[in-house]
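Structure first, then comments.
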Amino acid sequence: MYSPRQKILWFAFNTRIAVIVLQAIANNLLPDHNANVFISPEDPTLRRTYGDVIIEKLFGGFKRWDAQYFIHIAQYGYTYENCLAFFPLFPMLVRYCAYGLCSLVGSLINFHSSLLISATVLNLLIFVKSADILHRLSLRIFRSECKAYKAAVLYCVNPASIFFSAPYSEALFAWMTFYTLLKCTDNETLRFANIDITSGLPAGFTMMTRSNGSINLGFILYTSFKNVIERTIPEIVYKYKTLKHRLMLPFLLLPLLTSCVALFLSIVIALLPFLLVQVYNYFKYCIPNDHNLPEFLYNSEYVLPGSAESPWCNYSLPLSYSYIQSHYWDVGFLKYYQLKQIPNFTLAAPILFIILNNCFSYIRSNLQLCARLGIRSHIYSYGHRMSYKPKQICKGFGANDPILFVYIVHIMFLAIFCIVFVHIQVTTRLLASASPILYWMCSSKINVGPTPMTDQNSINEHFRRIGIGKKIPSHHLSIVNLEGVDNMYSRWKTFIISRKMPDCQSQLIQYYFLGYFFTGIILFSNFYPWT
Ligand SMILES: *[C@@H]1O[C@H](CO)[C@@H](O)[C@H](O)[C@H]1NC(C)=O
């Protein structure tokens, strides 16, 4: 029998295999749509062996839409200005893995194929890791194995699944974001402001992965703010009241100082890689230079490196991102509200509805908490451990849970940003990779009904037969109760695919996740509009 964690790792792994297999089948069965978007030019000097043809057949369905950019960047670097919209960490990792792979099997496949394999394998490993981190983070937030387990299982079949397997930066971004959040909840060590700057590192990686990583700095700032208000200051006040010698007074402020230093260092650590990337971009595009591009990459439609003619080079803060977004992708305030975009708005509607609806219900049932910015009340009763009294009447997502406040603010900001600014079709993958909150909301809304195999008697009977009844920890048992005995022996069967849901709401969640999972793979792998 697998433990909950093993089940999640296996399920994450197997859903990734399922994505790869389905993508290959769909890509080879259905005709490709002519999407008329950026296609990375092929290097004519690259030889093509039989191995490359097979790789193309197996993984070619992943090279759609923005994946073309990621593979292009990994293969040739930032050869056109519009590539700067894609941040370098993911393509860089893919490139170095491909070098490694090429040195092993370079005689069988060319560099392009090894890039494709590296991207696929990397995303597979990263995804499994991210599911594990999400599980740990959810356990810490909810202290309930059941909720955490359900959230992680939902994540494995999330509506944007295809983007977590194709060469996109979503999986890496989700992994590093979840890791940042995990670090931010580790605040036991921050108590006396022992300098803990480790959350800066994953946050820095998110900022090198996607532009939205910069918003993750908010989590670090908020955590420090909350720690100072809830722990450091009450402790100082308490010490002050019991102070013996006036001379010690300045020392009381020491924890405050170390908190500031720790915060400053984490922010610097998080910003450094991002700044290096910006400096690289500036030197590449804003300093006049010969571009030295090979013939086949030369393209008069795009701005080439070393041309030094882009308007953003003259900004007082020469950051390319927002210029590129508005110039090449026409991103701007309400620019996306056109009749022909109605299908895209419809596709994004479920995730926006789930998130905004639950956010509003959180705010409604926690008005006071929100007004206190998620800070606990009674913080000045240090030493008297006031218990936190949950109100009985509150229903709805996360009622009386101060810990969720910052996640709610973050996702609401992103959701509203999506509605007014960005291309609405990216909403699903953007929200699904930027925060665990979608999985938490759905995990607390989805009910899994009993079946004969989840019946207490048959579980007891099973444990009696195998004779380890006493050794199973209770959190493990709660998952056996949820999944049933037979699912616990399976590496791929989980409630989300093997169970009929007992109520309408759970059923809708199940259909939404699985429906988007399959539709997304089939449409994306043939260049149909699923971006
Ligand atoms: C977040 O990502 C979207 C889509 O990639 C982008 O349009 C937007 O500018 C980003 N926002 C920030 C604050 O980085």
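Labeling convention for the structure tokens: chains A, B, ... as they appear, residues from 1 per chain, ligands from 1 in order of appearance.
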Excluding stretch 502-504 of chain A and any residue of its chain fewer than 3 positions from it, enumerate the residues within 7 Å of it, using only C-alpha atoms, and give them as a CSV table (one decimal) with N, CA and C atoms, in the first residue's frame.
```
chain,number,residue,atom,x,y,z
A,447,ASN,N,-16.3,17.0,-2.7
A,447,ASN,CA,-16.6,15.9,-1.8
A,447,ASN,C,-16.5,14.6,-2.5
A,448,VAL,N,-15.9,13.6,-1.8
A,448,VAL,CA,-15.8,12.3,-2.4
A,448,VAL,C,-16.6,11.4,-1.6
A,449,GLY,N,-17.6,10.8,-2.3
A,449,GLY,CA,-18.6,10.0,-1.6
A,449,GLY,C,-18.0,8.6,-1.3
A,507,GLN,N,-19.0,17.3,-9.0
A,507,GLN,CA,-19.0,16.8,-10.3
A,507,GLN,C,-18.5,17.8,-11.3
A,508,LEU,N,-19.0,19.1,-11.1
A,508,LEU,CA,-18.6,20.1,-12.0
A,508,LEU,C,-17.1,20.3,-11.9
```
Test item, alpha helix (DSSP H) assignment across stretch 269-503 of chain A, answer as a ChimeraX atom specification: /A:269-286,321-328,342-365,367-371,405-420,427-434,437-445,456-466,474-483,485-488,495-498
Within 6 Å of ligand 1, counting only C-alpha atoms and all ligand atoms, which protein or nucleic acid residues do you find, written as a compact mmCIF listing (two decimals) with C-alpha atoms, in the first residue's frame?
```
# COMPACT_ATOMS: atom_id res chain seq x y z
CA SER A 211 7.68 38.24 -15.37
CA ASN A 212 5.01 37.53 -12.79
CA VAL A 422 -3.57 40.41 -20.60
```
Distance of atom CA of A:Thr232 from atom CA of A:Asn366, expressed in Å to one decimal place: 24.8 Å
Under the rule of at most 12 Å, produce a per-residue listing of stretch 266-357 of chain A near stretch 159-170 of chain A: chain, number, name, the closest pair of atoms, and the distance in Å, as a tab-separated table, using only C-alpha atoms.
```
residue	atom	partner	partner_atom	distance
A:Leu347	CA	A:Pro159	CA	10.5
A:Ala348	CA	A:Pro159	CA	10.3
A:Pro350	CA	A:Pro159	CA	10.0
A:Ile351	CA	A:Pro159	CA	8.8
```
Export C-alpha atoms of the chosen residues as a JSON list (two decimals), in the first residue's frame?
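As written to disk, again.json reads:
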```json
[["chain", "number", "residue", "atom", "x", "y", "z"],
["A", 347, "LEU", "CA", -12.68, 29.38, -21.87],
["A", 348, "ALA", "CA", -11.22, 31.55, -19.14],
["A", 350, "PRO", "CA", -14.53, 28.87, -15.13],
["A", 351, "ILE", "CA", -11.21, 29.61, -13.44]]
```
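Comparing the minimum interatomic distances between A:Leu84 and each of A:Ile324, A:Met488, A:Ile354, A:Leu514, counting only C-alpha atoms, we find that A:Ile324 sits nearest.
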Contacts of A:Lys57 within 9 Å, only C-alpha atoms, excl. fewer than 4 positions in-chain, as a PyMOL selection string: chain A and resi 24+27-28+52-53+61
